[in-house]
Each structure stands twice: as structure tokens, then as C-alpha cells.
>>> print(open('work_34.cif').read())   # mmCIF, C-alpha atoms
data_entry
#
loop_
_atom_site.label_atom_id
_atom_site.label_comp_id
_atom_site.auth_asym_id
_atom_site.auth_seq_id
_atom_site.Cartn_x
_atom_site.Cartn_y
_atom_site.Cartn_z
CA MET A 1 100.91 -30.90 -129.34
CA ASN A 2 104.19 -29.50 -130.69
CA ASP A 3 105.33 -25.86 -130.57
CA THR A 4 104.09 -25.12 -134.10
CA GLN A 5 100.63 -26.44 -133.33
CA GLN A 6 100.52 -24.51 -130.07
CA ASN A 7 101.47 -21.27 -131.84
CA ALA A 8 98.83 -21.87 -134.51
CA SER A 9 96.20 -22.52 -131.86
CA ALA A 10 97.16 -19.35 -130.01
CA ALA A 11 96.66 -17.32 -133.19
CA ILE A 12 93.12 -18.60 -133.66
CA ALA A 13 90.42 -16.55 -131.95
CA VAL A 14 87.76 -18.85 -130.55
CA GLY A 15 84.29 -17.96 -131.78
CA GLU A 16 85.46 -15.36 -134.31
CA LEU A 17 83.67 -15.07 -137.66
CA PHE A 18 85.33 -17.12 -140.39
CA ALA A 19 85.67 -14.20 -142.83
CA ARG A 20 87.33 -11.99 -140.23
CA GLN A 21 89.78 -14.70 -139.21
CA TYR A 22 90.82 -16.31 -142.47
CA VAL A 23 90.12 -13.82 -145.28
CA GLU A 24 92.91 -11.33 -145.98
CA ARG A 25 91.65 -7.93 -144.83
CA GLY A 26 93.93 -5.80 -146.98
CA ALA A 27 94.30 -2.06 -146.46
CA PRO A 28 91.68 -0.22 -144.36
CA LEU A 29 88.62 0.77 -146.39
CA GLN A 30 87.14 4.22 -146.84
CA ASP A 31 83.73 2.70 -147.56
CA ASN A 32 82.12 -0.65 -146.83
CA PRO A 33 78.49 -1.74 -147.41
CA PHE A 34 78.63 -4.04 -144.38
CA PHE A 35 79.50 -1.10 -142.14
CA ARG A 36 76.62 0.93 -143.56
CA ARG A 37 74.13 -1.92 -143.01
CA ARG A 38 75.26 -2.40 -139.43
CA LEU A 39 74.65 1.26 -138.58
CA ASP A 40 71.16 0.97 -140.02
CA ALA A 41 70.48 -2.27 -138.14
CA PHE A 42 71.62 -0.84 -134.79
CA LEU A 43 69.33 2.19 -135.06
CA GLN A 44 66.42 0.04 -136.23
CA SER A 45 66.84 -2.35 -133.31
CA ASN A 46 67.41 0.24 -130.61
CA HIS A 47 65.94 3.58 -131.70
CA TYR A 48 63.12 2.92 -134.14
CA LYS A 49 60.79 5.06 -132.03
CA ASP A 50 63.21 8.00 -132.44
CA TYR A 51 63.21 7.97 -136.23
CA ALA A 52 61.01 11.07 -136.66
CA ASN A 53 62.91 13.21 -134.15
CA LEU A 54 66.27 11.90 -135.32
CA ALA A 55 65.49 12.66 -138.97
CA ALA A 56 64.41 16.20 -137.98
CA TYR A 57 67.62 16.66 -135.97
CA LEU A 58 69.85 15.52 -138.85
CA ARG A 59 68.09 17.91 -141.20
CA GLN A 60 68.29 20.79 -138.72
CA GLU A 61 71.95 20.37 -137.80
CA SER A 62 73.44 19.42 -141.17
CA GLY A 63 70.84 19.56 -143.91
CA LEU A 64 70.90 15.77 -144.26
CA VAL A 65 67.54 14.46 -145.44
CA VAL A 66 66.07 11.08 -144.58
CA GLU A 67 63.34 10.42 -147.14
CA THR A 68 59.89 9.27 -146.04
CA PHE A 69 56.92 7.45 -147.53
CA TYR A 70 53.30 7.28 -146.46
CA SER A 71 51.60 3.94 -146.03
CA ASP A 72 47.93 4.06 -146.95
CA ALA A 73 47.44 0.64 -145.40
CA TYR A 74 48.74 1.69 -141.98
CA LYS A 75 48.03 5.43 -142.38
CA SER A 76 51.51 6.25 -141.13
CA VAL A 77 54.73 7.93 -142.25
CA TYR A 78 57.87 5.76 -142.44
CA TYR A 79 61.45 6.99 -142.53
CA LYS A 80 63.83 5.43 -145.04
CA PHE A 81 66.91 5.19 -142.85
CA THR A 82 67.95 2.04 -144.70
CA ASP A 83 68.06 4.00 -147.97
CA PHE A 84 69.85 6.86 -146.22
CA PHE A 85 72.66 4.63 -144.97
CA SER A 86 73.00 2.67 -148.21
CA SER A 87 72.98 5.51 -150.74
CA THR A 88 74.34 8.61 -148.97
CA LYS A 89 77.97 9.61 -149.61
CA ILE A 90 80.26 8.04 -147.02
CA GLU A 91 81.52 11.41 -145.74
CA LEU A 92 77.93 12.38 -144.93
CA VAL A 93 77.24 9.03 -143.29
CA LEU A 94 80.29 9.61 -141.09
CA SER A 95 78.96 13.07 -140.21
CA ALA A 96 75.65 11.43 -139.29
CA VAL A 97 77.53 9.09 -136.93
CA THR A 98 78.61 12.11 -134.88
CA LEU A 99 75.22 13.83 -135.03
CA ILE A 100 73.40 10.67 -133.91
CA TRP A 101 75.68 10.52 -130.86
CA ARG A 102 74.82 14.13 -130.01
CA PHE A 103 71.12 13.39 -130.44
CA LEU A 104 71.26 10.33 -128.17
CA ARG A 105 72.88 12.30 -125.37
CA LYS A 106 69.43 13.66 -124.51
CA TYR A 107 68.80 10.27 -122.89
CA SER A 108 70.85 11.07 -119.84
CA GLN A 109 70.67 9.47 -116.42
CA VAL A 110 71.44 11.29 -113.21
CA SER A 111 72.67 9.95 -109.89
CA THR A 112 73.67 11.60 -106.65
CA THR A 113 77.23 11.80 -105.40
CA ARG A 114 78.86 12.46 -102.05
CA ASN A 115 80.65 15.48 -103.44
CA SER A 116 78.93 18.65 -102.22
CA ALA A 117 80.62 20.72 -104.90
CA SER A 118 79.16 18.45 -107.60
CA PRO A 119 76.18 16.62 -106.07
CA PHE A 120 74.95 15.08 -109.31
CA ALA A 121 76.62 12.81 -111.85
CA TYR A 122 75.30 12.33 -115.36
CA THR A 123 75.71 9.32 -117.62
CA TYR A 124 74.64 8.87 -121.22
CA PRO A 125 74.01 5.14 -121.78
CA SER A 126 72.34 5.49 -125.19
CA ALA A 127 75.08 7.71 -126.62
CA ASP A 128 77.77 5.52 -125.06
CA ALA A 129 76.22 2.38 -126.56
CA TRP A 130 76.16 4.00 -130.02
CA HIS A 131 79.80 5.09 -129.67
CA ALA A 132 80.91 1.63 -128.58
CA PHE A 133 79.00 -0.07 -131.38
CA VAL A 134 80.29 2.23 -134.15
CA ALA A 135 83.88 1.91 -132.90
CA ARG A 136 83.57 -1.89 -132.88
CA ALA A 137 81.94 -1.96 -136.32
CA MET A 138 84.74 0.20 -137.72
CA ARG A 139 87.36 -2.21 -136.41
CA GLU A 140 85.54 -5.35 -137.49
CA GLU A 141 84.75 -4.06 -140.98
CA ASN A 142 88.30 -2.76 -141.48
CA MET A 143 87.28 0.87 -141.92
CA ALA A 144 89.91 3.57 -142.39
CA TYR A 145 88.49 5.69 -139.57
CA THR A 146 88.53 5.97 -135.81
CA LEU A 147 86.35 7.77 -133.25
CA ASP A 148 87.34 10.36 -130.68
CA GLU A 149 85.66 10.62 -127.28
CA LYS A 150 82.81 12.74 -128.69
CA CYS A 151 82.14 10.39 -131.61
CA GLY A 152 83.95 12.60 -134.10
CA VAL A 153 85.29 10.53 -136.97
CA HIS A 154 88.97 10.79 -137.91
CA PHE A 155 91.06 9.32 -140.69
CA PHE A 156 92.75 6.14 -139.49
CA VAL A 157 95.94 4.97 -141.16
CA ASP A 158 97.09 2.30 -138.73
CA GLU A 159 97.60 1.72 -135.02
CA GLU A 160 101.02 3.38 -134.97
CA PHE A 161 99.81 6.51 -136.79
CA GLU A 162 96.92 6.89 -134.36
CA ARG A 163 99.21 6.31 -131.38
CA ASN A 164 101.57 9.04 -132.65
CA ARG A 165 98.68 11.47 -133.01
CA VAL A 166 97.27 10.86 -129.55
CA THR A 167 100.68 10.91 -127.85
CA ALA A 168 101.62 14.19 -129.52
CA LEU A 169 98.33 15.79 -128.52
CA SER A 170 98.82 14.67 -124.92
CA CYS A 171 102.08 16.66 -124.87
CA LEU A 172 100.34 19.81 -126.10
CA THR A 173 97.77 20.29 -123.33
CA SER A 174 99.56 23.26 -121.76
CA ALA A 175 98.24 26.72 -122.63
CA ARG A 176 101.72 27.54 -123.94
CA TYR A 177 101.21 25.07 -126.78
CA GLY A 178 97.60 25.97 -127.60
CA ALA A 179 98.36 27.29 -131.09
CA VAL A 180 100.63 24.31 -131.80
CA ARG A 181 97.83 21.92 -130.88
CA VAL A 182 95.31 23.74 -133.09
CA ALA A 183 97.60 23.55 -136.12
CA PHE A 184 98.45 19.89 -135.46
CA GLU A 185 94.77 18.96 -135.12
CA GLN A 186 94.01 20.91 -138.30
CA ALA A 187 96.64 18.88 -140.15
CA HIS A 188 94.73 15.70 -139.27
CA SER A 189 91.40 17.32 -140.14
CA TYR A 190 92.65 18.02 -143.65
CA LEU A 191 93.71 14.39 -143.91
CA ASP A 192 90.23 13.35 -142.74
CA ALA A 193 88.56 15.16 -145.63
CA GLN A 194 87.01 13.30 -148.55
CA PRO A 195 89.15 13.39 -150.59
CA ALA A 196 92.11 14.07 -148.32
CA ASP A 197 93.67 17.52 -148.76
CA THR A 198 97.25 16.34 -148.38
CA LYS A 199 98.83 19.68 -149.27
CA ALA A 200 96.87 21.58 -146.63
CA SER A 201 97.61 18.78 -144.16
CA VAL A 202 101.36 19.02 -144.70
CA ARG A 203 101.26 22.81 -144.50
CA ALA A 204 99.35 22.72 -141.20
CA ALA A 205 101.82 20.16 -139.80
CA PHE A 206 104.69 22.46 -140.79
CA GLU A 207 102.89 25.36 -139.11
CA ALA A 208 102.59 23.38 -135.86
CA LEU A 209 106.33 22.72 -135.94
CA GLU A 210 107.09 26.33 -136.81
CA ILE A 211 104.96 27.73 -133.97
CA LEU A 212 106.70 25.49 -131.45
CA GLY A 213 110.13 26.39 -132.84
CA ARG A 214 109.39 30.10 -132.51
CA LEU A 215 108.15 29.61 -128.95
CA MET A 216 111.47 27.98 -128.12
CA ASP A 217 113.49 30.65 -129.91
CA THR A 218 111.59 33.92 -129.88
CA GLN A 219 114.24 35.67 -132.00
CA SER A 220 113.51 33.49 -135.06
CA LYS A 221 110.76 34.54 -137.45
CA ASN A 222 110.60 31.48 -139.67
CA LEU A 223 111.28 27.78 -139.36
CA ASN A 224 113.94 26.80 -141.86
CA LYS A 225 117.05 24.64 -142.19
CA TRP A 226 119.28 27.32 -140.64
CA MET A 227 117.05 27.72 -137.60
CA VAL A 228 116.99 23.98 -136.90
CA GLU A 229 120.77 23.68 -137.24
CA ASN A 230 121.73 26.83 -135.33
CA LYS A 231 118.93 27.32 -132.79
CA LEU A 232 117.04 24.11 -132.06
CA LYS A 233 119.91 21.65 -132.41
CA PRO A 234 122.10 23.38 -129.78
CA MET A 235 119.16 23.25 -127.34
CA ALA A 236 118.81 19.51 -127.90
CA VAL A 237 122.55 18.86 -127.72
CA ALA A 238 122.72 20.71 -124.39
CA LYS A 239 120.32 18.14 -122.94
CA ALA A 240 122.22 15.09 -124.21
CA GLN A 241 123.33 12.77 -121.41
CA ASP A 242 126.72 11.70 -122.84
CA ALA A 243 129.09 12.01 -125.80
CA THR A 244 127.46 9.20 -127.75
CA GLU A 245 123.98 10.68 -127.39
CA THR A 246 125.38 14.05 -128.43
CA VAL A 247 126.54 12.62 -131.76
CA VAL A 248 123.19 10.90 -132.30
CA VAL A 249 121.21 14.05 -131.45
CA GLU A 250 123.32 16.12 -133.83
CA LYS A 251 122.70 13.68 -136.69
CA LEU A 252 118.97 13.47 -135.96
CA PHE A 253 118.61 17.25 -135.99
CA ASP A 254 120.61 17.41 -139.22
CA GLY A 255 117.95 15.12 -140.64
CA LEU A 256 115.16 17.30 -139.23
CA ALA A 257 116.80 20.33 -140.83
CA LEU A 258 116.77 18.62 -144.23
CA ALA A 259 113.14 17.57 -143.75
CA VAL A 260 112.12 21.13 -142.91
CA ASP A 261 114.00 22.36 -145.96
CA GLY A 262 112.20 19.83 -148.12
CA LEU A 263 108.76 20.77 -146.77
CA HIS A 264 109.24 24.32 -147.98
CA ASN A 265 108.41 22.94 -151.45
CA TYR A 266 104.82 22.56 -150.24
CA ARG A 267 104.96 25.47 -147.83
CA HIS A 268 105.29 28.06 -150.61
CA GLY A 269 103.50 28.54 -153.91
CA GLN A 270 104.67 26.53 -156.89
CA GLY A 271 105.10 27.72 -160.45
CA SER A 272 102.48 25.44 -161.92
CA GLN A 273 99.01 25.87 -163.40
CA GLN A 274 97.87 22.69 -161.64
CA PRO A 275 98.03 22.30 -157.85
CA ILE A 276 100.90 20.10 -156.72
CA ALA A 277 100.06 18.05 -153.65
CA PRO A 278 101.95 15.26 -151.88
CA SER A 279 100.69 11.70 -152.12
CA LEU A 280 98.79 10.26 -149.17
CA SER A 281 101.78 8.12 -148.20
CA VAL A 282 104.06 11.18 -148.09
CA ALA A 283 101.50 13.17 -146.09
CA VAL A 284 101.15 10.32 -143.58
CA TYR A 285 104.93 10.14 -143.21
CA VAL A 286 105.16 13.90 -142.69
CA LEU A 287 102.46 13.90 -140.00
CA SER A 288 104.07 10.95 -138.24
CA SER A 289 107.49 12.63 -138.34
CA VAL A 290 106.09 15.96 -137.15
CA ALA A 291 104.31 14.21 -134.28
CA ALA A 292 107.59 12.68 -133.15
CA ALA A 293 109.43 15.99 -133.54
CA LEU A 294 106.77 17.86 -131.55
CA ARG A 295 107.02 15.38 -128.67
CA TRP A 296 110.80 15.73 -128.56
CA LEU A 297 110.84 19.51 -128.86
CA VAL A 298 108.22 19.90 -126.11
CA ALA A 299 110.38 17.73 -123.84
CA ILE A 300 113.40 19.91 -124.63
CA ASP A 301 111.36 23.06 -124.07
CA GLN A 302 110.12 21.87 -120.67
CA GLN A 303 113.39 20.41 -119.38
CA PRO A 304 115.32 22.80 -117.14
#
>>> encode(input="work_34.cif", output="C-alpha cells")
Amino acid sequence: MNDTQQNASAAIAVGELFARQYVERGAPLQDNPFFRRRLDAFLQSNHYKDYANLAAYLRQESGLVVETFYSDAYKSVYYKFTDFFSSTKIELVLSAVTLIWRFLRKYSQVSTTRNSASPFAYTYPSADAWHAFVARAMREENMAYTLDEKCGVHFFVDEEFERNRVTALSCLTSARYGAVRVAFEQAHSYLDAQPADTKASVRAAFEALEILGRLMDTQSKNLNKWMVENKLKPMAVAKAQDATETVVVEKLFDGLALAVDGLHNYRHGQGSQQPIAPSLSVAVYVLSSVAAALRWLVAIDQQP
């Protein structure tokens, strides 16, 4: 076998479905009938006995209604979860994904530990199985969403965008950056909406950057081009390790200053009868850039 054949063989996943391996997937999808059917099938296979209580829980917690019908032949009420998953708006189906996880957490298991301060440990196998299945179905059906640890659904652009989001959040765990984190998470929440509120997303991202900037320089009242050039850039330059890095840092902060100046076009009201919002691609770029800037600024802020 030559090198080309070996490389081709390495790229082939043994036992993978033909359509997933050879059919071009294209851009991630915001809706997919196969994903909907798989959610229905999982619940039917694993939690059919919970249908009545689950339907009541969905209605109680969100107003979502799973229709029923009465069978004269069997003298029983049946819940139309298949119809619910196939015909309900996708944003409501995604809300149901989270609510189902919360419902399934009632099936907890407890075990003892050797820790006297916390003698019992709880696990949630049913909720965990649902989370793992939905996450896998989203990946396999090329859905434009991802799950957090509590089965909350978030807009998924690509692996790099998600990595930027998670990495930035990991830098904002300190109480000092609490308000920054809230604004940054809100920016992604606006992007998660159906349809995405790109203008609100960009504004919230700017707010996260502005809050951090004002924490670093308490004398500044607003984040603008001047502040980046005259306050934040000197802080970054002071941490540069050599002359070459100094030049690079200066140029990068000049670019950040221009970006901040440009974002003011969405930050403030516009003289137009119709709302002017950035495209999804611009909003994604802004959030990715802000995530990178936040990570860098936090490092500067924390470095002695």
C-alpha cells in the first residue's frame, strides 16, 4: 500500500454511516428532521412510562403543550410526543431539550463516601444519558448548536468559535470579572436567539470589553479609540518581553483601537427608521475578536 492509499484509509472511519462519511455536510443546520426524530425515539425507548408526568412538567415550566388522544379500544390516554417533536418550532424543541434534562434529574442515585464533610454522593444517570445522547445527535446531524453542562442549548458556529467562548469564560471566573462575564455570556445568548439578535449581541460584547477596560483604568468612563491607545496600550507594552514584541503589541492595540471605534456604529443609535444590525458573519467575528481581547486584557490585568 502506497502513502496515498494509507492516507485515504486513515481518513475513513470504520463502521461509520455512509451518509455521514461521504455526503458533504455543508454548514451547520438550525433545524433538521432527523435530529427531531431521534429525540422522539430516545424518549419513546427509554422514558415512555414518564410521558404523562413529562408532558405536565413541560406545560408547567414553559407552557409547552404535548397533545393527547383517547383510545376507546384500550381506554387509555396517549401523548403525541412524536407530533410535538416534528411540528413544534425548533427554538421550543431546543427549550424542551433542557427541560427534559431537568425533569430526568429526579432519577438520582446516592452512594456513600469516605468524606465526613460530604458523606453522600449523588449521580443522575438518566439525565446524563439524555445529555450525552442529545450532544451526540447534534454532532452527527450537523446541528448549529451545542450543549453546556446543564443541557442548556447554545448557538454553535464552529469548533474554534466554541473554543474561544469557553476559554474566555474560564478567564473570567474571578469575582473581579463578574460583570464582564455576565455581559459576555449575554452576547452569546443574543446570538442563540431565533432569529439571532446580532445587534444586541455586538453591543453586549462591547459592554464586556468596556467593563474590563474600566476595571483596568478606573479613571476612564467610556471605552473608545483614545482610551485603547492611551490607557490600555501602554499597559500591554509595559509587559512586552523585548523590542520586537513591543512593536507587535503596539500594532495589535492600534488595530483594537480601530475595532472599538468601528463598533461605536452599533453601540449608539442610528439615524434610520429601520433597525440596522450587523450580519451574522460580522457578529461572529466581533464575538471571536472580543473573546481574544478579553483573554489578553485579563492576563495583562493580573500580571504584576
>>> resolve_selection(input="work_34.cif", expression="the PyMOL selection byres ((chain A and resi 42-54) around 12)", output="PDB file with C-alpha atoms, in the coordinates of the input")
ATOM      1  CA  PHE A  35      79.500  -1.100-142.140  1.00  0.00           C
ATOM      2  CA  ARG A  36      76.620   0.930-143.560  1.00  0.00           C
ATOM      3  CA  ARG A  37      74.130  -1.920-143.010  1.00  0.00           C
ATOM      4  CA  ARG A  38      75.260  -2.400-139.430  1.00  0.00           C
ATOM      5  CA  LEU A  39      74.650   1.260-138.580  1.00  0.00           C
ATOM      6  CA  ASP A  40      71.160   0.970-140.020  1.00  0.00           C
ATOM      7  CA  ALA A  41      70.480  -2.270-138.140  1.00  0.00           C
ATOM      8  CA  ALA A  55      65.490  12.660-138.970  1.00  0.00           C
ATOM      9  CA  ALA A  56      64.410  16.200-137.980  1.00  0.00           C
ATOM     10  CA  TYR A  57      67.620  16.660-135.970  1.00  0.00           C
ATOM     11  CA  LEU A  58      69.850  15.520-138.850  1.00  0.00           C
ATOM     12  CA  ARG A  59      68.090  17.910-141.200  1.00  0.00           C
ATOM     13  CA  GLN A  60      68.290  20.790-138.720  1.00  0.00           C
ATOM     14  CA  GLU A  61      71.950  20.370-137.800  1.00  0.00           C
ATOM     15  CA  SER A  62      73.440  19.420-141.170  1.00  0.00           C
ATOM     16  CA  LEU A  64      70.900  15.770-144.260  1.00  0.00           C
ATOM     17  CA  VAL A  65      67.540  14.460-145.440  1.00  0.00           C
ATOM     18  CA  VAL A  66      66.070  11.080-144.580  1.00  0.00           C
ATOM     19  CA  GLU A  67      63.340  10.420-147.140  1.00  0.00           C
ATOM     20  CA  THR A  68      59.890   9.270-146.040  1.00  0.00           C
ATOM     21  CA  SER A  76      51.510   6.250-141.130  1.00  0.00           C
ATOM     22  CA  VAL A  77      54.730   7.930-142.250  1.00  0.00           C
ATOM     23  CA  TYR A  78      57.870   5.760-142.440  1.00  0.00           C
ATOM     24  CA  TYR A  79      61.450   6.990-142.530  1.00  0.00           C
ATOM     25  CA  LYS A  80      63.830   5.430-145.040  1.00  0.00           C
ATOM     26  CA  PHE A  81      66.910   5.190-142.850  1.00  0.00           C
ATOM     27  CA  THR A  82      67.950   2.040-144.700  1.00  0.00           C
ATOM     28  CA  PHE A  85      72.660   4.630-144.970  1.00  0.00           C
ATOM     29  CA  ALA A  96      75.650  11.430-139.290  1.00  0.00           C
ATOM     30  CA  VAL A  97      77.530   9.090-136.930  1.00  0.00           C
ATOM     31  CA  LEU A  99      75.220  13.830-135.030  1.00  0.00           C
ATOM     32  CA  ILE A 100      73.400  10.670-133.910  1.00  0.00           C
ATOM     33  CA  TRP A 101      75.680  10.520-130.860  1.00  0.00           C
ATOM     34  CA  ARG A 102      74.820  14.130-130.010  1.00  0.00           C
ATOM     35  CA  PHE A 103      71.120  13.390-130.440  1.00  0.00           C
ATOM     36  CA  LEU A 104      71.260  10.330-128.170  1.00  0.00           C
ATOM     37  CA  ARG A 105      72.880  12.300-125.370  1.00  0.00           C
ATOM     38  CA  LYS A 106      69.430  13.660-124.510  1.00  0.00           C
ATOM     39  CA  TYR A 107      68.800  10.270-122.890  1.00  0.00           C
ATOM     40  CA  SER A 126      72.340   5.490-125.190  1.00  0.00           C
ATOM     41  CA  ALA A 127      75.080   7.710-126.620  1.00  0.00           C
ATOM     42  CA  ALA A 129      76.220   2.380-126.560  1.00  0.00           C
ATOM     43  CA  TRP A 130      76.160   4.000-130.020  1.00  0.00           C
ATOM     44  CA  HIS A 131      79.800   5.090-129.670  1.00  0.00           C
ATOM     45  CA  ALA A 132      80.910   1.630-128.580  1.00  0.00           C
ATOM     46  CA  PHE A 133      79.000  -0.070-131.380  1.00  0.00           C
ATOM     47  CA  VAL A 134      80.290   2.230-134.150  1.00  0.00           C
ATOM     48  CA  ALA A 137      81.940  -1.960-136.320  1.00  0.00           C
TER      49      ALA A 137
END
>>> atom_distance(input="work_34.cif", atom1="CA of Phe34 (chain A)", atom2="CA of Pro125 (chain A)")
24.8 Å
>>> resolve_selection(input="work_34.cif", expression="the PyMOL selection byres ((chain A and resi 224-239) around 9)", output="ChimeraX atom specification")
/A:210,213,216-217,220,222-223,240-241,245-247,249-250,252-254,256-261,264,296-297,300-301,303-304
>>> residues_around(input="work_34.cif", residues="Val110 (chain A)", least_positions_apart="3", cutoff="8 Å", atoms="only C-alpha atoms", output="MDAnalysis selection string")
chainID A and resid 120:123
>>> atom_distance(input="work_34.cif", atom1="CA of Asp192 (chain A)", atom2="CA of His154 (chain A)")
5.6 Å
>>> resolve_selection(input="work_34.cif", expression="the PyMOL selection byres ((chain A and resi 28) around 6)", output="number ranges by chain")
A: 27, 29, 142-144
>>> atom_distance(input="work_34.cif", atom1="CA of Thr173 (chain A)", atom2="CA of Val298 (chain A)")
10.8 Å
>>> closest_residue(input="work_34.cif", among="A:Cys171, A:Val202, A:Phe184, A:Gly63", to="Leu92 (chain A)", atoms="all atoms listed in the file")
A:Gly63
>>> residues_around(input="work_34.cif", residues="Val166 (chain A)", least_positions_apart="5", cutoff="12 Å", atoms="all atoms listed in the file", output="ChimeraX atom specification")
/A:146-149,154,156,159-161,171-173,181,184-185,188,288,291-292,294-295
>>> closest_residue(input="work_34.cif", among="A:Ser108, A:Ser201, A:Thr167, A:Ser189", to="Gly152 (chain A)", atoms="all atoms listed in the file")
A:Ser189
>>> closest_residue(input="work_34.cif", among="A:Arg176, A:Lys150, A:Lys199, A:Arg136", to="Val282 (chain A)", atoms="all atoms listed in the file")
A:Lys199
>>> closest_residue(input="work_34.cif", among="A:Pro33, A:Ala117, A:Leu215, A:Gln109", to="Thr88 (chain A)", atoms="only C-alpha atoms")
A:Pro33
